[in-house]
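Structure first, then comments.
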Amino acid sequence: MPQTTTISIRVPTALHDCCRGASLLSLEAPDVRTMLEGLEQHYPKLHRSICDETGALRRHINVFVNTASIRDGAGPDTALASGDVVTILTAVSGG
């Protein structure tokens with residue numbers, strides 16, 4: 001029997017309204033791509049806020065697995081392990 005990979009997802013305050021007010025979500029996903037597909041299924045408004053119409057992460061969204069940016073590794077193919085914490089961050093700009 002395959003082992004499930006349950007991960008936690010930290011959602012930034014600005015996007016809490018996209019997931020019924022939750023700041024922390026839990027999903028089963030072996031990699032970031034599957035996690036994004038799960039978000040699309042369970043939290044479509046959140047998915048639309050962080051991914052474009054092709055399903056790719058928007059440029060102003062950063063995703064970290066524990067403390068490592070997925071952009072510095074395998075991107076959406078970044079593997080996840082049970083207990084990992086995925087953090088979604090929106091870019092901050094100002095002048």
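A note on labels: chains of the structure tokens are A, B, ... as shown, every chain counts residues from 1, and ligands are counted from 1 in their shown order.
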Who sits within 12 Å of A:Ala81, only C-alpha atoms, same chain under 3 positions skipped, as a PyMOL selection string: chain A and resi 3-8+27-32+35+65-66+78+84-86
Limited to N, CA and C atoms, could you put the picked residues into a file as a CSV table (one decimal), in the first residue's frame?
```csv
chain,number,residue,atom,x,y,z
A,3,GLN,N,2.4,4.9,0.6
A,3,GLN,CA,2.4,5.8,1.7
A,3,GLN,C,1.8,7.2,1.3
A,4,THR,N,1.0,7.8,2.1
A,4,THR,CA,0.4,9.1,1.7
A,4,THR,C,1.4,10.2,2.2
A,5,THR,N,1.4,11.2,1.4
A,5,THR,CA,2.3,12.4,1.7
A,5,THR,C,1.4,13.6,2.1
A,6,THR,N,1.2,13.8,3.4
A,6,THR,CA,0.4,14.9,3.9
A,6,THR,C,1.3,16.0,4.2
A,7,ILE,N,1.0,17.2,3.6
A,7,ILE,CA,1.8,18.4,3.8
A,7,ILE,C,0.9,19.5,4.3
A,8,SER,N,1.5,20.5,4.9
A,8,SER,CA,0.8,21.7,5.3
A,8,SER,C,1.1,22.8,4.3
A,27,LEU,N,-3.0,19.0,2.7
A,27,LEU,CA,-3.3,18.2,1.5
A,27,LEU,C,-2.4,17.0,1.4
A,28,GLU,N,-2.8,16.1,0.6
A,28,GLU,CA,-1.9,14.9,0.3
A,28,GLU,C,-1.4,15.2,-1.1
A,29,ALA,N,-0.1,15.3,-1.2
A,29,ALA,CA,0.6,15.5,-2.5
A,29,ALA,C,2.0,15.1,-2.5
A,30,PRO,N,2.5,14.3,-3.5
A,30,PRO,CA,3.8,13.9,-3.5
A,30,PRO,C,4.8,14.9,-4.1
A,31,ASP,N,4.2,16.0,-4.8
A,31,ASP,CA,5.1,17.0,-5.3
A,31,ASP,C,4.3,18.3,-5.4
A,32,VAL,N,5.0,19.4,-5.7
A,32,VAL,CA,4.3,20.7,-5.8
A,32,VAL,C,3.2,20.8,-6.9
A,35,MET,N,0.2,19.3,-5.6
A,35,MET,CA,-0.4,20.2,-4.6
A,35,MET,C,-1.2,21.3,-5.3
A,65,VAL,N,9.3,25.2,0.0
A,65,VAL,CA,9.1,24.0,0.7
A,65,VAL,C,10.1,24.0,1.8
A,66,ASN,N,9.5,24.0,3.0
A,66,ASN,CA,10.3,24.3,4.2
A,66,ASN,C,11.0,25.6,4.1
A,78,THR,N,9.2,19.7,-7.7
A,78,THR,CA,9.8,19.6,-6.4
A,78,THR,C,9.1,18.5,-5.6
A,84,ASP,N,6.2,18.1,5.4
A,84,ASP,CA,6.7,19.3,4.8
A,84,ASP,C,5.7,20.5,4.9
A,85,VAL,N,6.3,21.7,5.0
A,85,VAL,CA,5.5,22.9,5.1
A,85,VAL,C,5.7,23.7,3.8
A,86,VAL,N,4.7,23.9,3.0
A,86,VAL,CA,4.8,24.7,1.8
A,86,VAL,C,4.3,26.1,2.2
```
Which of chain A fall in strand (DSSP E), as a PyMOL selection string: chain A and resi 6-10+24-28+61-65+68-69+85-90
Atomic separation - atom CA of A:Arg58 relative to atom CA of A:Ser82, Å: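 According to the coordinates, atom CA of A:Ser82 and atom CA of A:Arg58 are separated by 25.7 Å.
Counting only C-alpha atoms, the residue from A:His60, A:Arg10, A:Lys45, A:Arg20 that sits nearest to A:Thr90 is A:His60.
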Residues of chain A in helix (DSSP H, G or I), written as a ChimeraX atom specification: /A:13-19,32-42,44-50,70-72,75-77
Atoms to include: C-alpha atoms. Write the selected residues as a PDB file, in the first residue's frame.
```pdb
ATOM      1  CA  THR A  13      -3.102  36.851   4.974  1.00  0.00           C
ATOM      2  CA  ALA A  14      -3.971  38.603   1.703  1.00  0.00           C
ATOM      3  CA  LEU A  15      -5.265  35.275   0.312  1.00  0.00           C
ATOM      4  CA  HIS A  16      -7.181  33.953   3.333  1.00  0.00           C
ATOM      5  CA  ASP A  17     -10.488  34.946   1.719  1.00  0.00           C
ATOM      6  CA  CYS A  18      -9.643  32.576  -1.163  1.00  0.00           C
ATOM      7  CA  CYS A  19      -9.712  29.548   1.160  1.00  0.00           C
ATOM      8  CA  VAL A  32       4.301  20.711  -5.781  1.00  0.00           C
ATOM      9  CA  ARG A  33       2.533  20.173  -9.120  1.00  0.00           C
ATOM     10  CA  THR A  34       0.084  17.731  -7.497  1.00  0.00           C
ATOM     11  CA  MET A  35      -0.364  20.161  -4.599  1.00  0.00           C
ATOM     12  CA  LEU A  36      -1.337  22.894  -7.073  1.00  0.00           C
ATOM     13  CA  GLU A  37      -3.807  20.520  -8.734  1.00  0.00           C
ATOM     14  CA  GLY A  38      -5.285  19.792  -5.298  1.00  0.00           C
ATOM     15  CA  LEU A  39      -5.629  23.500  -4.622  1.00  0.00           C
ATOM     16  CA  GLU A  40      -7.390  23.898  -7.971  1.00  0.00           C
ATOM     17  CA  GLN A  41      -9.869  21.174  -7.006  1.00  0.00           C
ATOM     18  CA  HIS A  42     -10.504  22.164  -3.371  1.00  0.00           C
ATOM     19  CA  PRO A  44     -10.271  27.176  -6.966  1.00  0.00           C
ATOM     20  CA  LYS A  45     -10.240  30.851  -5.974  1.00  0.00           C
ATOM     21  CA  LEU A  46      -6.861  30.408  -4.253  1.00  0.00           C
ATOM     22  CA  HIS A  47      -5.518  28.517  -7.268  1.00  0.00           C
ATOM     23  CA  ARG A  48      -6.593  31.320  -9.621  1.00  0.00           C
ATOM     24  CA  SER A  49      -4.842  33.830  -7.356  1.00  0.00           C
ATOM     25  CA  ILE A  50      -1.494  32.035  -7.435  1.00  0.00           C
ATOM     26  CA  ILE A  70      11.070  25.847  -5.561  1.00  0.00           C
ATOM     27  CA  ARG A  71      12.480  28.261  -8.181  1.00  0.00           C
ATOM     28  CA  ASP A  72      15.979  27.299  -6.996  1.00  0.00           C
ATOM     29  CA  GLY A  75      10.101  24.060  -9.706  1.00  0.00           C
ATOM     30  CA  PRO A  76       6.656  22.434  -9.699  1.00  0.00           C
ATOM     31  CA  ASP A  77       8.302  19.010  -9.852  1.00  0.00           C
TER      32      ASP A  77
END
```
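In this structure, atom CA of A:Ile61 sits 10.6 Å away from atom CA of A:Pro12.
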Interatomic distance (Å, one decimal) between atom CA of A:Val63 and atom CA of A:Ala22: 17.4 Å
